[in-house]
Amino acid sequence: MNALSENTEINLSENAKKVLEKRYLKRDIKGNVMETPKELFERVAFTIADADKTFGEDEANIQKTRQKFFDMIANAYFMPNSPTLMNAGRELGQLSACFVLPVEDSLEGIFETIKNTALIHKSGGGTGFSFSRLRPKNDVVHSTMGVSSGPVSFMEVFNAATEAVKQGGTRRGANMGILRIDHPDILDFINCKSDLTKLNNFNISVAITDKFMEALERDDYYELIHPNTKQPVQKLKAKEVFDLIVRGAWQSGEPGVIFIDKMNKDNPTPLIGDIESTNPCGEVPLLSYEACNLGSINLSKMVIKDNSGNNVIDWDKLAEISRLAIHFLDNVIVANNYPLPKIAQMVQDNRKIGLGVMGWADMLMKMGVSYNSEEGCALGRQVMEFIDYHSKVESIELSKKRGKFGNFAGSVYDRANYLSEKYKGKSAGKITDDMWAELDKEIANFGIRNATTTCIAPTGTISMIAGASGGVEPLFGLVFKRNIMDNTEMYEVNPIFKNYATEHGFYSESLMGEIAKTGSVAHIEGIDEKVKEIFVTAHDITPKSHVMMQAAFQLHTDNAVSKTVNFEEDATLEDVAQAYILAYKNNLKGITVYRNNSRFSQPMLLESKKEEKKEEAKPVETKAEHKELKVEKTEIDEHGVEIKTVVCPECGNSIKMAEGCFICLNCGYSGCS
């Protein structure tokens, strides 16, 4: 391997270095680290660029591509999903983030899927399942004259298998379990995680249909359908079932919901099959045996000063990185070592990739735009439209050189004017209707390389490596208090906020200490209102604004958007219900909500002002658990409810609900990674 950019300086935060050392860098048999971050980035750049050899590229051009890929990652303009960083150029070689497997209605089919799940988890991937094909509990099994255990019972078997498999020593097992709203066992499914000690390796979501939402709007009944006979077996009041879903989400953040008909409306290959499930965080709708390779552009790095000294978006750089990232992700498909032959074939035929973003909150703060505003949503639509357009431009260019994806015939792209009709009249300002129409002409002549190109995925760990805010989430706090050696306390201040406060003359240690109590400046006296508008945090933002920001990015995202709609602790059931309805009306493909302090063992992020009740540390379980999570302290809130502060098992810092999962904002440990 020839060294790339000998003089390149890799600027990483201490947190990034710790994350890389803990999870990504090569180790010898004794566990000693064997490579530097620069060598890791070189390893990834070489491995992915070398896939160009498959298409007859010469060595000189491949070396140029290696350098471009390396510069893109080393400068934190873009980061691929964690399995690619971990495994590219190593023996395991499994580079995909997530997979969906079928769950057939037979004992043989179920246990074949469990075996395949174990192989995927061992290789570092997450898995999604729809259990909607399984017959309901107590249904007669004619081959044995016994009765069926039902979907929830088999989910427990999948959960136990996941618990038994360590993912290559780097990543824990993560699953998504989905059941259709019209399955006869839907009530059992909605309640299956009311006991948080069960199914702790699963996220669960209800697949809600348009028929159900129409019945809900009419305040009517809807039918439960037997998955085998396809005949109605019962009717339920839609409002009563919806209220159960809402209450579960209000109490613990689960179940989430996906709008399955909206996902299938955008299914790029409908002749190949219906979408039934997603990956563990819900942002990648996949057919059975599909995998998706993901990566994210760091929007924080796409801001420059104009001639007047104002921060503006560097559109040229964003176009360049968008196209280079698509080249990178298509190469990942070639370089990948798939855990199953069926997956390899399906991925080759559809070539789905997902280019997303991180650092969105950073970009807004740098540009002085409030997340909690229509201006923020408008900018989100503009940025994602621009990325989506350039991702398609590059995918078409790759198709000219390498050929279109295998299942192009009969796909949504195999018809006239698909893109221009889809986006007609929806321009966000940078891309016009005529530009989409030109792409349609190109696709008619040359096809397109990838069935999907865009997806907003969780970026928990990779955003820490890049030094960026996560995904399209707002910040969870501007200032954090950390305990370091000898119980010394120090304040960790968001660098963009610190620079702004310093430049505007209001930075002080005492002020940072006051902000650290809540993480927010919203209630700090003496802070200018403009500052409060620009530097909003997750709980300063209304649920409606959370949903509308997700909708802004969804408009130009092929797959879906991973995001958490955060609620204050005093939010009502009706507040959560309205968020779900708003999400449906704004064409979201799914939604995850979380009400602060709602989970039994909810990890608290920020310094508490409440009186402490001392308690000896002991293990508890949460959605993000695989190792034991230690209770650091227990407090009693004003309602007499115990609130536990839980520390991350990887790095010892607090963890928080973000991007659809419990996640440590320090090291990226989460239930979805």
# chains A, B, ... in the order shown; residues from 1 in each chain; ligands from 1
>>> residues_around(residues="Tyr413 in chain A", least_positions_apart="4", cutoff="9 Å", atoms="only C-alpha atoms", output="MDAnalysis selection string")
chainID A and resid 268:269 408:409 417:419 440 443:444 447:448 451
>>> select_by_dssp(residues="range 205-454 of chain A", states="strand (DSSP E or B)", output="PyMOL selection string")
chain A and resi 205-208+221-225+232-237+256-259+277-278+285-286+291-298+303-305+311-313+353-358+454
>>> residues_around(residues="range 368-376 of chain A", least_positions_apart="3", cutoff="7 Å", atoms="only C-alpha atoms", output="PyMOL selection string")
chain A and resi 364-365+379-380+533-534+536+541+545
>>> write_last_selection(atoms="N, CA and C atoms", output="PDB file, in the first residue's frame")
ATOM      1  N   LEU A 364     -26.609  25.196  10.567  1.00  0.00           N
ATOM      2  CA  LEU A 364     -27.590  26.221  10.908  1.00  0.00           C
ATOM      3  C   LEU A 364     -27.004  27.247  11.873  1.00  0.00           C
ATOM      4  N   MET A 365     -26.301  26.769  12.897  1.00  0.00           N
ATOM      5  CA  MET A 365     -25.722  27.694  13.867  1.00  0.00           C
ATOM      6  C   MET A 365     -24.680  28.597  13.214  1.00  0.00           C
ATOM      7  N   LEU A 379     -34.166  25.891   4.235  1.00  0.00           N
ATOM      8  CA  LEU A 379     -32.766  25.607   3.931  1.00  0.00           C
ATOM      9  C   LEU A 379     -32.525  24.097   3.883  1.00  0.00           C
ATOM     10  N   GLY A 380     -33.189  23.344   4.779  1.00  0.00           N
ATOM     11  CA  GLY A 380     -33.078  21.888   4.761  1.00  0.00           C
ATOM     12  C   GLY A 380     -33.566  21.296   3.452  1.00  0.00           C
ATOM     13  N   GLU A 533     -32.479  32.180  19.713  1.00  0.00           N
ATOM     14  CA  GLU A 533     -33.086  31.648  18.494  1.00  0.00           C
ATOM     15  C   GLU A 533     -32.101  30.777  17.714  1.00  0.00           C
ATOM     16  N   ILE A 534     -30.854  31.231  17.639  1.00  0.00           N
ATOM     17  CA  ILE A 534     -29.855  30.501  16.839  1.00  0.00           C
ATOM     18  C   ILE A 534     -29.421  29.222  17.539  1.00  0.00           C
ATOM     19  N   VAL A 536     -30.678  26.926  19.659  1.00  0.00           N
ATOM     20  CA  VAL A 536     -31.723  26.126  20.293  1.00  0.00           C
ATOM     21  C   VAL A 536     -31.245  24.686  20.462  1.00  0.00           C
ATOM     22  N   ILE A 541     -37.198  23.032  21.063  1.00  0.00           N
ATOM     23  CA  ILE A 541     -37.863  22.972  19.765  1.00  0.00           C
ATOM     24  C   ILE A 541     -39.221  22.300  19.915  1.00  0.00           C
ATOM     25  N   SER A 545     -42.126  21.496  15.015  1.00  0.00           N
ATOM     26  CA  SER A 545     -40.923  21.882  14.270  1.00  0.00           C
ATOM     27  C   SER A 545     -40.009  20.686  14.029  1.00  0.00           C
TER      28      SER A 545
END
>>> residues_around(residues="Asn191 in chain A", least_positions_apart="6", cutoff="10 Å", atoms="only C-alpha atoms", output="count of residues only")
7
>>> closest_residue(among="A:Asn61, A:Thr113, A:Ser411, A:Asn310", to="Thr452 in chain A", atoms="only C-alpha atoms")
A:Ser411
>>> residues_around(residues="Tyr594 in chain A", least_positions_apart="2", cutoff="6 Å", atoms="only C-alpha atoms", output="list in words")
Gly253, Asn566 and Phe567 of chain A
>>> write_last_selection(atoms="N, CA and C atoms", output="CSV table (one decimal), in the first residue's frame")
chain,number,residue,atom,x,y,z
A,253,GLY,N,-41.3,5.5,24.4
A,253,GLY,CA,-40.7,5.7,23.1
A,253,GLY,C,-41.0,4.6,22.1
A,566,ASN,N,-38.5,14.9,20.0
A,566,ASN,CA,-38.4,15.0,21.4
A,566,ASN,C,-39.5,15.8,22.0
A,567,PHE,N,-40.0,15.3,23.1
A,567,PHE,CA,-41.1,15.9,23.9
A,567,PHE,C,-40.6,16.3,25.3
>>> closest_residue(among="A:Glu91, A:Glu240, A:Glu283, A:Glu442", to="Thr564 in chain A", atoms="only C-alpha atoms")
A:Glu283
>>> closest_residue(among="A:Val19, A:Ala335, A:Ala516, A:Leu286", to="Asn350 in chain A", atoms="only C-alpha atoms")
A:Leu286
>>> residues_around(residues="Phe212 in chain A", least_positions_apart="4", cutoff="7 Å", atoms="only C-alpha atoms", output="list of chain:residue names")
A:Ile208, A:Leu216, A:Tyr222, A:Ala238
>>> write_last_selection(atoms="all heavy atoms", output="compact mmCIF listing (two decimals), in the first residue's frame")
# COMPACT_ATOMS: atom_id res chain seq x y z
N ILE A 208 -48.22 0.92 9.76
CA ILE A 208 -49.56 1.51 9.66
C ILE A 208 -49.92 1.71 8.19
O ILE A 208 -49.12 2.23 7.41
CB ILE A 208 -49.61 2.83 10.44
CG1 ILE A 208 -49.53 2.53 11.95
CG2 ILE A 208 -50.87 3.61 10.13
CD1 ILE A 208 -49.64 3.74 12.83
N LEU A 216 -59.19 5.85 11.09
CA LEU A 216 -58.94 6.71 12.24
C LEU A 216 -59.58 8.08 12.04
O LEU A 216 -60.22 8.62 12.94
CB LEU A 216 -57.44 6.84 12.47
CG LEU A 216 -56.99 7.75 13.62
CD1 LEU A 216 -57.41 7.17 14.96
CD2 LEU A 216 -55.47 7.93 13.58
N TYR A 222 -61.71 -0.91 11.71
CA TYR A 222 -60.94 -1.44 10.58
C TYR A 222 -60.78 -2.94 10.78
O TYR A 222 -60.97 -3.47 11.88
CB TYR A 222 -59.58 -0.74 10.47
CG TYR A 222 -58.53 -1.24 11.44
CD1 TYR A 222 -57.49 -2.07 11.01
CD2 TYR A 222 -58.57 -0.90 12.79
CE1 TYR A 222 -56.53 -2.54 11.90
CE2 TYR A 222 -57.62 -1.36 13.68
CZ TYR A 222 -56.59 -2.17 13.24
OH TYR A 222 -55.66 -2.64 14.12
N ALA A 238 -60.35 1.81 15.23
CA ALA A 238 -59.04 2.37 14.90
C ALA A 238 -58.55 3.32 15.99
O ALA A 238 -57.36 3.29 16.35
CB ALA A 238 -59.12 3.09 13.56
>>> residues_around(residues="Ile456 in chain A", least_positions_apart="4", cutoff="10 Å", atoms="only C-alpha atoms", output="PyMOL selection string")
chain A and resi 283-284+294-296+354-358+384+471-472+550+553-554+557-563+659
>>> closest_residue(among="A:Ile258, A:Lys115, A:Asp182, A:Val206", to="Leu236 in chain A", atoms="only C-alpha atoms")
A:Asp182
>>> select_by_dssp(residues="range 364-572 of chain A", states="alpha helix (DSSP H)", output="compact mmCIF listing (two decimals) with N, CA and C atoms, in the first residue's frame")
# COMPACT_ATOMS: atom_id res chain seq x y z
N LEU A 364 -26.61 25.20 10.57
CA LEU A 364 -27.59 26.22 10.91
C LEU A 364 -27.00 27.25 11.87
N MET A 365 -26.30 26.77 12.90
CA MET A 365 -25.72 27.69 13.87
C MET A 365 -24.68 28.60 13.21
N LYS A 366 -23.84 28.02 12.36
CA LYS A 366 -22.82 28.83 11.69
C LYS A 366 -23.45 29.91 10.82
N MET A 367 -24.61 29.59 10.24
CA MET A 367 -25.27 30.55 9.34
C MET A 367 -26.25 31.45 10.05
N GLU A 374 -39.20 28.32 9.95
CA GLU A 374 -39.50 28.00 8.56
C GLU A 374 -38.27 28.21 7.69
N GLU A 375 -37.46 29.24 8.04
CA GLU A 375 -36.22 29.47 7.30
C GLU A 375 -35.30 28.25 7.40
N GLY A 376 -35.25 27.64 8.59
CA GLY A 376 -34.43 26.44 8.77
C GLY A 376 -34.95 25.29 7.93
N CYS A 377 -36.27 25.10 7.91
CA CYS A 377 -36.85 24.03 7.09
C CYS A 377 -36.62 24.28 5.60
N ALA A 378 -36.76 25.53 5.18
CA ALA A 378 -36.55 25.87 3.78
C ALA A 378 -35.11 25.58 3.36
N LEU A 379 -34.17 25.89 4.24
CA LEU A 379 -32.77 25.61 3.93
C LEU A 379 -32.52 24.10 3.88
N GLY A 380 -33.19 23.34 4.78
CA GLY A 380 -33.08 21.89 4.76
C GLY A 380 -33.57 21.30 3.45
N ARG A 381 -34.70 21.80 2.95
CA ARG A 381 -35.22 21.33 1.66
C ARG A 381 -34.23 21.64 0.54
N GLN A 382 -33.65 22.83 0.60
CA GLN A 382 -32.72 23.24 -0.45
C GLN A 382 -31.45 22.38 -0.45
N VAL A 383 -30.91 22.15 0.74
CA VAL A 383 -29.68 21.35 0.85
C VAL A 383 -29.92 19.92 0.39
N MET A 384 -31.02 19.31 0.84
CA MET A 384 -31.24 17.91 0.50
C MET A 384 -31.62 17.74 -0.97
N GLU A 385 -32.35 18.71 -1.53
CA GLU A 385 -32.66 18.67 -2.96
C GLU A 385 -31.36 18.72 -3.77
N PHE A 386 -30.43 19.55 -3.36
CA PHE A 386 -29.16 19.70 -4.06
C PHE A 386 -28.35 18.41 -4.00
N ILE A 387 -28.28 17.79 -2.81
CA ILE A 387 -27.56 16.53 -2.65
C ILE A 387 -28.23 15.43 -3.48
N ASP A 388 -29.56 15.37 -3.42
CA ASP A 388 -30.30 14.35 -4.16
C ASP A 388 -30.04 14.48 -5.66
N TYR A 389 -30.10 15.71 -6.16
CA TYR A 389 -29.87 15.95 -7.59
C TYR A 389 -28.47 15.48 -8.00
N HIS A 390 -27.47 15.90 -7.26
CA HIS A 390 -26.10 15.54 -7.65
C HIS A 390 -25.81 14.06 -7.43
N SER A 391 -26.51 13.44 -6.48
CA SER A 391 -26.36 11.99 -6.32
C SER A 391 -26.89 11.26 -7.55
N LYS A 392 -27.98 11.77 -8.13
CA LYS A 392 -28.54 11.15 -9.33
C LYS A 392 -27.64 11.42 -10.54
N VAL A 393 -27.07 12.63 -10.62
CA VAL A 393 -26.15 12.95 -11.71
C VAL A 393 -25.00 11.95 -11.74
N GLU A 394 -24.40 11.70 -10.55
CA GLU A 394 -23.27 10.78 -10.50
C GLU A 394 -23.70 9.35 -10.76
N SER A 395 -24.86 8.96 -10.27
CA SER A 395 -25.34 7.59 -10.51
C SER A 395 -25.57 7.35 -11.99
N ILE A 396 -26.05 8.36 -12.70
CA ILE A 396 -26.22 8.24 -14.15
C ILE A 396 -24.86 8.13 -14.84
N GLU A 397 -23.89 8.94 -14.39
CA GLU A 397 -22.54 8.86 -14.97
C GLU A 397 -21.93 7.48 -14.75
N LEU A 398 -22.14 6.91 -13.58
CA LEU A 398 -21.64 5.56 -13.31
C LEU A 398 -22.34 4.54 -14.18
N SER A 399 -23.63 4.77 -14.45
CA SER A 399 -24.38 3.85 -15.30
C SER A 399 -23.83 3.86 -16.73
N LYS A 400 -23.41 5.02 -17.19
CA LYS A 400 -22.82 5.12 -18.53
C LYS A 400 -21.57 4.25 -18.64
N LYS A 401 -20.79 4.19 -17.56
CA LYS A 401 -19.52 3.47 -17.58
C LYS A 401 -19.66 2.01 -17.17
N ARG A 402 -20.59 1.75 -16.24
CA ARG A 402 -20.63 0.44 -15.59
C ARG A 402 -21.92 -0.33 -15.86
N TYR A 418 -39.98 10.31 -14.85
CA TYR A 418 -40.21 9.95 -13.45
C TYR A 418 -39.78 11.06 -12.50
N LEU A 419 -38.56 11.55 -12.62
CA LEU A 419 -38.05 12.55 -11.68
C LEU A 419 -38.75 13.89 -11.85
N SER A 420 -38.96 14.32 -13.10
CA SER A 420 -39.58 15.62 -13.31
C SER A 420 -41.04 15.64 -12.84
N GLU A 421 -41.74 14.52 -12.97
CA GLU A 421 -43.11 14.45 -12.46
C GLU A 421 -43.13 14.40 -10.94
N LYS A 422 -42.18 13.67 -10.37
CA LYS A 422 -42.12 13.54 -8.91
C LYS A 422 -41.84 14.89 -8.24
N ASP A 433 -37.14 22.60 -12.37
CA ASP A 433 -37.87 21.52 -13.04
C ASP A 433 -37.14 21.08 -14.31
N ASP A 434 -36.56 22.04 -15.02
CA ASP A 434 -35.85 21.70 -16.26
C ASP A 434 -34.63 20.82 -16.00
N MET A 435 -33.98 21.03 -14.86
CA MET A 435 -32.81 20.22 -14.53
C MET A 435 -33.21 18.78 -14.26
N TRP A 436 -34.35 18.58 -13.58
CA TRP A 436 -34.84 17.21 -13.37
C TRP A 436 -35.24 16.58 -14.71
N ALA A 437 -35.85 17.38 -15.58
CA ALA A 437 -36.27 16.86 -16.89
C ALA A 437 -35.06 16.41 -17.71
N GLU A 438 -33.95 17.13 -17.60
CA GLU A 438 -32.73 16.73 -18.30
C GLU A 438 -32.21 15.39 -17.77
N LEU A 439 -32.31 15.20 -16.46
CA LEU A 439 -31.90 13.91 -15.89
C LEU A 439 -32.77 12.78 -16.40
N ASP A 440 -34.07 13.03 -16.55
CA ASP A 440 -34.96 12.00 -17.09
C ASP A 440 -34.51 11.57 -18.49
N LYS A 441 -34.10 12.53 -19.30
CA LYS A 441 -33.61 12.20 -20.64
C LYS A 441 -32.35 11.35 -20.57
N GLU A 442 -31.46 11.70 -19.64
CA GLU A 442 -30.23 10.92 -19.46
C GLU A 442 -30.55 9.49 -19.03
N ILE A 443 -31.49 9.35 -18.11
CA ILE A 443 -31.86 8.01 -17.63
C ILE A 443 -32.48 7.20 -18.77
N ALA A 444 -33.29 7.83 -19.60
CA ALA A 444 -33.90 7.13 -20.73
C ALA A 444 -32.83 6.58 -21.67
N ASN A 445 -31.73 7.30 -21.79
CA ASN A 445 -30.66 6.88 -22.70
C ASN A 445 -29.65 5.93 -22.06
N PHE A 446 -29.35 6.17 -20.78
CA PHE A 446 -28.23 5.44 -20.16
C PHE A 446 -28.61 4.67 -18.90
N GLY A 460 -24.41 8.34 14.87
CA GLY A 460 -23.91 8.43 16.24
C GLY A 460 -22.40 8.43 16.37
N THR A 461 -21.75 7.37 15.92
CA THR A 461 -20.30 7.26 16.09
C THR A 461 -19.54 8.02 15.02
N ILE A 462 -19.99 7.94 13.77
CA ILE A 462 -19.21 8.59 12.71
C ILE A 462 -19.26 10.11 12.84
N SER A 463 -20.36 10.66 13.39
CA SER A 463 -20.39 12.11 13.58
C SER A 463 -19.42 12.53 14.68
N MET A 464 -19.16 11.65 15.64
CA MET A 464 -18.16 11.95 16.66
C MET A 464 -16.76 11.95 16.07
N ILE A 465 -16.50 11.00 15.17
CA ILE A 465 -15.20 10.98 14.50
C ILE A 465 -15.02 12.26 13.68
N ALA A 466 -16.11 12.68 13.02
CA ALA A 466 -16.05 13.86 12.16
C ALA A 466 -16.12 15.17 12.95
N PRO A 495 -18.15 24.06 20.25
CA PRO A 495 -17.17 25.02 19.74
C PRO A 495 -17.78 26.17 18.95
N ILE A 496 -18.87 25.91 18.22
CA ILE A 496 -19.50 26.99 17.46
C ILE A 496 -20.11 28.02 18.42
N PHE A 497 -20.76 27.52 19.47
CA PHE A 497 -21.33 28.42 20.48
C PHE A 497 -20.23 29.17 21.23
N LYS A 498 -19.15 28.45 21.56
CA LYS A 498 -18.05 29.09 22.29
C LYS A 498 -17.44 30.22 21.47
N ASN A 499 -17.21 29.96 20.19
CA ASN A 499 -16.64 31.00 19.33
C ASN A 499 -17.57 32.21 19.23
N TYR A 500 -18.86 31.93 19.08
CA TYR A 500 -19.84 33.02 18.97
C TYR A 500 -19.87 33.84 20.27
N ALA A 501 -19.91 33.13 21.40
CA ALA A 501 -19.97 33.82 22.69
C ALA A 501 -18.71 34.65 22.93
N THR A 502 -17.57 34.11 22.53
CA THR A 502 -16.31 34.83 22.70
C THR A 502 -16.26 36.07 21.81
N GLU A 503 -16.65 35.90 20.53
CA GLU A 503 -16.63 37.02 19.59
C GLU A 503 -17.60 38.12 19.99
N GLU A 509 -16.78 31.43 32.33
CA GLU A 509 -16.90 30.11 32.95
C GLU A 509 -18.16 30.02 33.81
N SER A 510 -18.50 31.11 34.48
CA SER A 510 -19.69 31.09 35.34
C SER A 510 -20.96 30.94 34.50
N LEU A 511 -21.00 31.60 33.33
CA LEU A 511 -22.16 31.45 32.45
C LEU A 511 -22.24 30.03 31.91
N MET A 512 -21.08 29.44 31.53
CA MET A 512 -21.09 28.06 31.03
C MET A 512 -21.60 27.10 32.11
N GLY A 513 -21.24 27.38 33.36
CA GLY A 513 -21.72 26.55 34.45
C GLY A 513 -23.22 26.64 34.61
N GLU A 514 -23.77 27.82 34.40
CA GLU A 514 -25.22 28.00 34.50
C GLU A 514 -25.93 27.29 33.35
N ILE A 515 -25.36 27.41 32.14
CA ILE A 515 -25.97 26.75 30.98
C ILE A 515 -25.92 25.23 31.12
N GLU A 529 -32.03 37.65 22.68
CA GLU A 529 -33.03 36.78 22.09
C GLU A 529 -32.54 36.16 20.78
N LYS A 530 -31.72 36.89 20.04
CA LYS A 530 -31.18 36.34 18.79
C LYS A 530 -30.32 35.12 19.07
N VAL A 531 -29.53 35.17 20.15
CA VAL A 531 -28.69 34.04 20.54
C VAL A 531 -29.57 32.84 20.88
N LYS A 532 -30.66 33.10 21.58
CA LYS A 532 -31.56 32.01 21.96
C LYS A 532 -32.23 31.38 20.75
N GLU A 533 -32.48 32.18 19.71
CA GLU A 533 -33.09 31.65 18.49
C GLU A 533 -32.10 30.78 17.71
N ILE A 534 -30.85 31.23 17.64
CA ILE A 534 -29.85 30.50 16.84
C ILE A 534 -29.42 29.22 17.54
N PRO A 543 -42.47 20.04 19.10
CA PRO A 543 -42.64 18.79 18.35
C PRO A 543 -43.03 19.04 16.90
N LYS A 544 -43.88 20.04 16.66
CA LYS A 544 -44.27 20.35 15.28
C LYS A 544 -43.04 20.70 14.45
N SER A 545 -42.13 21.50 15.02
CA SER A 545 -40.92 21.88 14.27
C SER A 545 -40.01 20.69 14.03
N HIS A 546 -39.94 19.75 15.00
CA HIS A 546 -39.18 18.52 14.77
C HIS A 546 -39.74 17.78 13.55
N VAL A 547 -41.07 17.62 13.52
CA VAL A 547 -41.71 16.89 12.43
C VAL A 547 -41.50 17.61 11.10
N MET A 548 -41.65 18.91 11.10
CA MET A 548 -41.53 19.66 9.85
C MET A 548 -40.10 19.65 9.32
N MET A 549 -39.11 19.63 10.22
CA MET A 549 -37.72 19.51 9.75
C MET A 549 -37.49 18.14 9.13
N GLN A 550 -38.04 17.09 9.75
CA GLN A 550 -37.92 15.76 9.18
C GLN A 550 -38.59 15.72 7.81
N ALA A 551 -39.75 16.36 7.69
CA ALA A 551 -40.46 16.39 6.41
C ALA A 551 -39.66 17.15 5.35
N ALA A 552 -38.95 18.20 5.77
CA ALA A 552 -38.14 18.98 4.83
C ALA A 552 -37.08 18.11 4.18
N PHE A 553 -36.45 17.26 4.96
CA PHE A 553 -35.42 16.37 4.42
C PHE A 553 -36.03 15.17 3.70
N GLN A 554 -37.21 14.72 4.14
CA GLN A 554 -37.83 13.55 3.51
C GLN A 554 -38.21 13.83 2.06
>>> closest_residue(among="A:Ile304, A:Ile524, A:Leu224, A:Ala457", to="Pro80 in chain A", atoms="only C-alpha atoms")
A:Ala457
>>> atom_distance(atom1="CA of Phe476 in chain A", atom2="CA of Gly124 in chain A")
27.9 Å
